[in-house]
Amino acid sequence: MAEAVFITGGTGFLGTEILEGLLTTTTAPLYVLVRASSMEAAIHRLKAAWFHSEALSSAIGNRILPVTG
């Protein structure tokens with residue numbers, strides 16, 4: 001199994017679906033590239049994109065680690 005996973009497009013439909021699947025099928029940390037100027041802005045953007053998914057929202061900062069870019 002992968003030691004870590006890096007995802008681009010995580011705020012889109014397909015990226016969200018992939019991340020939900022990875023969250024339940026792996027234990028690897030999930031790094032997500034987010035268009036943002038700061039970590040705080042990246043976290044806000046992810047929470048806004050994933051407002052419908054408690055599993056994804058609650059994993060931000062734990063298993064899901066934003067990478068600003």
# chains A, B, ... in the order shown; residues from 1 in each chain; ligands from 1

$ residues_around --residues "Leu46 (chain A)" --least-positions-apart "4" --cutoff "8 Å" --atoms "only C-alpha atoms" --output "compact mmCIF listing (two decimals) with all heavy atoms, in the first residue's frame"
# COMPACT_ATOMS: atom_id res chain seq x y z
N THR A 11 -10.86 19.45 -4.86
CA THR A 11 -12.10 20.18 -4.58
C THR A 11 -13.16 19.96 -5.66
O THR A 11 -14.30 20.37 -5.50
CB THR A 11 -11.84 21.69 -4.44
OG1 THR A 11 -11.23 22.18 -5.65
CG2 THR A 11 -10.94 21.97 -3.25
N VAL A 34 -4.21 22.59 -3.09
CA VAL A 34 -5.31 23.55 -3.03
C VAL A 34 -4.79 24.90 -3.48
O VAL A 34 -3.74 25.36 -3.01
CB VAL A 34 -5.86 23.68 -1.58
CG1 VAL A 34 -7.04 24.62 -1.54
CG2 VAL A 34 -6.24 22.32 -1.03
N ALA A 42 -6.49 27.61 2.51
CA ALA A 42 -6.63 26.27 1.94
C ALA A 42 -7.64 25.44 2.73
O ALA A 42 -8.50 24.77 2.15
CB ALA A 42 -5.28 25.56 1.90
N TRP A 50 -16.30 20.75 0.60
CA TRP A 50 -16.73 19.47 1.16
C TRP A 50 -17.79 19.62 2.24
O TRP A 50 -17.92 18.76 3.12
CB TRP A 50 -15.55 18.71 1.72
CG TRP A 50 -14.50 18.35 0.69
CD1 TRP A 50 -14.66 18.25 -0.65
CD2 TRP A 50 -13.14 18.04 0.95
NE1 TRP A 50 -13.48 17.91 -1.25
CE2 TRP A 50 -12.53 17.77 -0.29
CE3 TRP A 50 -12.37 17.97 2.10
CZ2 TRP A 50 -11.20 17.42 -0.41
CZ3 TRP A 50 -11.03 17.63 1.98
CH2 TRP A 50 -10.45 17.35 0.74
N SER A 57 -14.62 16.54 5.70
CA SER A 57 -14.43 17.77 6.50
C SER A 57 -13.71 17.49 7.81
O SER A 57 -12.83 18.24 8.21
CB SER A 57 -15.78 18.43 6.79
OG SER A 57 -16.35 18.90 5.60
N ILE A 60 -9.77 16.88 7.59
CA ILE A 60 -8.83 17.95 7.24
C ILE A 60 -7.94 18.25 8.44
O ILE A 60 -8.41 18.48 9.54
CB ILE A 60 -9.60 19.22 6.80
CG1 ILE A 60 -10.42 18.95 5.55
CG2 ILE A 60 -8.62 20.37 6.56
CD1 ILE A 60 -11.39 20.07 5.20

$ select_by_dssp --residues "chain A" --states "helix (DSSP H, G or I)" --output "PyMOL selection string"
chain A and resi 13-25+39-49+54-59

$ write_last_selection --atoms "C-alpha atoms" --output "short mmCIF file (atom, residue, chain, number, x, y, z; two decimals), in the first residue's frame"
data_model
loop_
_atom_site.label_atom_id
_atom_site.label_comp_id
_atom_site.auth_asym_id
_atom_site.auth_seq_id
_atom_site.Cartn_x
_atom_site.Cartn_y
_atom_site.Cartn_z
CA PHE A 13 -16.34 16.28 -8.25
CA LEU A 14 -13.97 13.50 -9.27
CA GLY A 15 -11.30 14.46 -6.74
CA THR A 16 -13.89 14.45 -3.96
CA GLU A 17 -15.09 10.99 -4.94
CA ILE A 18 -11.54 9.65 -5.10
CA LEU A 19 -10.66 11.14 -1.71
CA GLU A 20 -13.78 9.67 -0.08
CA GLY A 21 -12.77 6.27 -1.42
CA LEU A 22 -9.15 6.61 -0.30
CA LEU A 23 -10.25 7.78 3.14
CA THR A 24 -12.15 4.54 3.69
CA THR A 25 -9.80 2.09 1.94
CA MET A 39 -2.84 27.25 4.96
CA GLU A 40 -5.83 28.94 6.59
CA ALA A 41 -7.25 29.83 3.16
CA ALA A 42 -6.63 26.27 1.94
CA ILE A 43 -8.49 24.77 4.89
CA HIS A 44 -11.39 27.19 4.36
CA ARG A 45 -11.54 26.28 0.66
CA LEU A 46 -11.60 22.54 1.41
CA LYS A 47 -14.31 22.92 4.05
CA ALA A 48 -16.41 24.99 1.63
CA ALA A 49 -15.99 22.40 -1.14
CA GLU A 54 -18.66 15.03 7.26
CA ALA A 55 -16.01 12.35 6.68
CA LEU A 56 -13.89 14.60 4.47
CA SER A 57 -14.43 17.77 6.50
CA SER A 58 -13.48 16.13 9.77
CA ALA A 59 -10.33 14.57 8.25
#

$ closest_residue --among "A:Leu30, A:Pro66, A:His52, A:Gly61" --to "Phe6 (chain A)" --atoms "only C-alpha atoms"
A:Leu30

$ select_by_dssp --residues "region 3-66 of chain A" --states "strand (DSSP E)" --output "short mmCIF file (atom, residue, chain, number, x, y, z; two decimals) with N, CA and C atoms, in the first residue's frame"
data_model
loop_
_atom_site.label_atom_id
_atom_site.label_comp_id
_atom_site.auth_asym_id
_atom_site.auth_seq_id
_atom_site.Cartn_x
_atom_site.Cartn_y
_atom_site.Cartn_z
N VAL A 5 -0.42 9.66 -0.32
CA VAL A 5 -1.08 9.91 -1.60
C VAL A 5 -1.15 11.41 -1.80
N PHE A 6 -0.81 11.87 -3.02
CA PHE A 6 -0.90 13.29 -3.37
C PHE A 6 -1.97 13.43 -4.45
N ILE A 7 -2.96 14.29 -4.18
CA ILE A 7 -4.10 14.46 -5.09
C ILE A 7 -4.15 15.90 -5.58
N LEU A 30 -3.26 11.73 3.15
CA LEU A 30 -3.72 12.19 1.85
C LEU A 30 -3.39 13.67 1.70
N TYR A 31 -2.43 13.98 0.85
CA TYR A 31 -2.03 15.36 0.60
C TYR A 31 -2.85 15.89 -0.57
N VAL A 32 -3.46 17.06 -0.39
CA VAL A 32 -4.35 17.63 -1.41
C VAL A 32 -3.84 19.01 -1.82
N LEU A 33 -3.55 19.18 -3.10
CA LEU A 33 -3.14 20.47 -3.62
C LEU A 33 -4.35 21.40 -3.68
N VAL A 34 -4.21 22.59 -3.09
CA VAL A 34 -5.31 23.55 -3.03
C VAL A 34 -4.79 24.90 -3.48
N ILE A 64 -6.19 14.23 5.99
CA ILE A 64 -6.14 15.05 4.78
C ILE A 64 -5.33 16.31 5.08
N LEU A 65 -4.22 16.45 4.39
CA LEU A 65 -3.29 17.54 4.64
C LEU A 65 -3.21 18.45 3.42
N PRO A 66 -3.69 19.69 3.53
CA PRO A 66 -3.64 20.60 2.40
C PRO A 66 -2.21 21.02 2.07
#

$ atom_distance --atom1 "CA of Phe51 (chain A)" --atom2 "CA of Ala4 (chain A)"
24.2 Å

$ residues_around --residues "Glu3 (chain A)" --least-positions-apart "4" --cutoff "9 Å" --atoms "only C-alpha atoms" --output "number ranges by chain"
A: 27-29

$ decode --residues "region 6-61 of chain A" --atoms "C-alpha atoms" --output "tab-separated table (two decimals), in the first residue's frame"
chain	number	residue	atom	x	y	z
A	6	PHE	CA	-0.90	13.29	-3.37
A	7	ILE	CA	-4.10	14.46	-5.09
A	8	THR	CA	-4.68	17.39	-7.42
A	9	GLY	CA	-8.22	18.53	-8.18
A	10	GLY	CA	-9.42	17.49	-4.75
A	11	THR	CA	-12.10	20.18	-4.58
A	12	GLY	CA	-13.74	19.01	-7.81
A	13	PHE	CA	-16.34	16.28	-8.25
A	14	LEU	CA	-13.97	13.50	-9.27
A	15	GLY	CA	-11.30	14.46	-6.74
A	16	THR	CA	-13.89	14.45	-3.96
A	17	GLU	CA	-15.09	10.99	-4.94
A	18	ILE	CA	-11.54	9.65	-5.10
A	19	LEU	CA	-10.66	11.14	-1.71
A	20	GLU	CA	-13.78	9.67	-0.08
A	21	GLY	CA	-12.77	6.27	-1.42
A	22	LEU	CA	-9.15	6.61	-0.30
A	23	LEU	CA	-10.25	7.78	3.14
A	24	THR	CA	-12.15	4.54	3.69
A	25	THR	CA	-9.80	2.09	1.94
A	26	THR	CA	-6.34	3.26	3.05
A	27	THR	CA	-4.60	4.50	6.15
A	28	ALA	CA	-2.11	6.64	4.21
A	29	PRO	CA	-1.95	10.40	4.70
A	30	LEU	CA	-3.72	12.19	1.85
A	31	TYR	CA	-2.03	15.36	0.60
A	32	VAL	CA	-4.35	17.63	-1.41
A	33	LEU	CA	-3.14	20.47	-3.62
A	34	VAL	CA	-5.31	23.55	-3.03
A	35	ARG	CA	-5.19	26.89	-4.80
A	36	ALA	CA	-4.69	29.20	-1.84
A	37	SER	CA	-2.23	31.76	-0.55
A	38	SER	CA	-2.10	30.39	3.00
A	39	MET	CA	-2.84	27.25	4.96
A	40	GLU	CA	-5.83	28.94	6.59
A	41	ALA	CA	-7.25	29.83	3.16
A	42	ALA	CA	-6.63	26.27	1.94
A	43	ILE	CA	-8.49	24.77	4.89
A	44	HIS	CA	-11.39	27.19	4.36
A	45	ARG	CA	-11.54	26.28	0.66
A	46	LEU	CA	-11.60	22.54	1.41
A	47	LYS	CA	-14.31	22.92	4.05
A	48	ALA	CA	-16.41	24.99	1.63
A	49	ALA	CA	-15.99	22.40	-1.14
A	50	TRP	CA	-16.73	19.47	1.16
A	51	PHE	CA	-19.58	20.94	3.24
A	52	HIS	CA	-21.73	17.93	2.30
A	53	SER	CA	-19.24	15.30	3.53
A	54	GLU	CA	-18.66	15.03	7.26
A	55	ALA	CA	-16.01	12.35	6.68
A	56	LEU	CA	-13.89	14.60	4.47
A	57	SER	CA	-14.43	17.77	6.50
A	58	SER	CA	-13.48	16.13	9.77
A	59	ALA	CA	-10.33	14.57	8.25
A	60	ILE	CA	-8.83	17.95	7.24
A	61	GLY	CA	-5.68	18.45	9.26
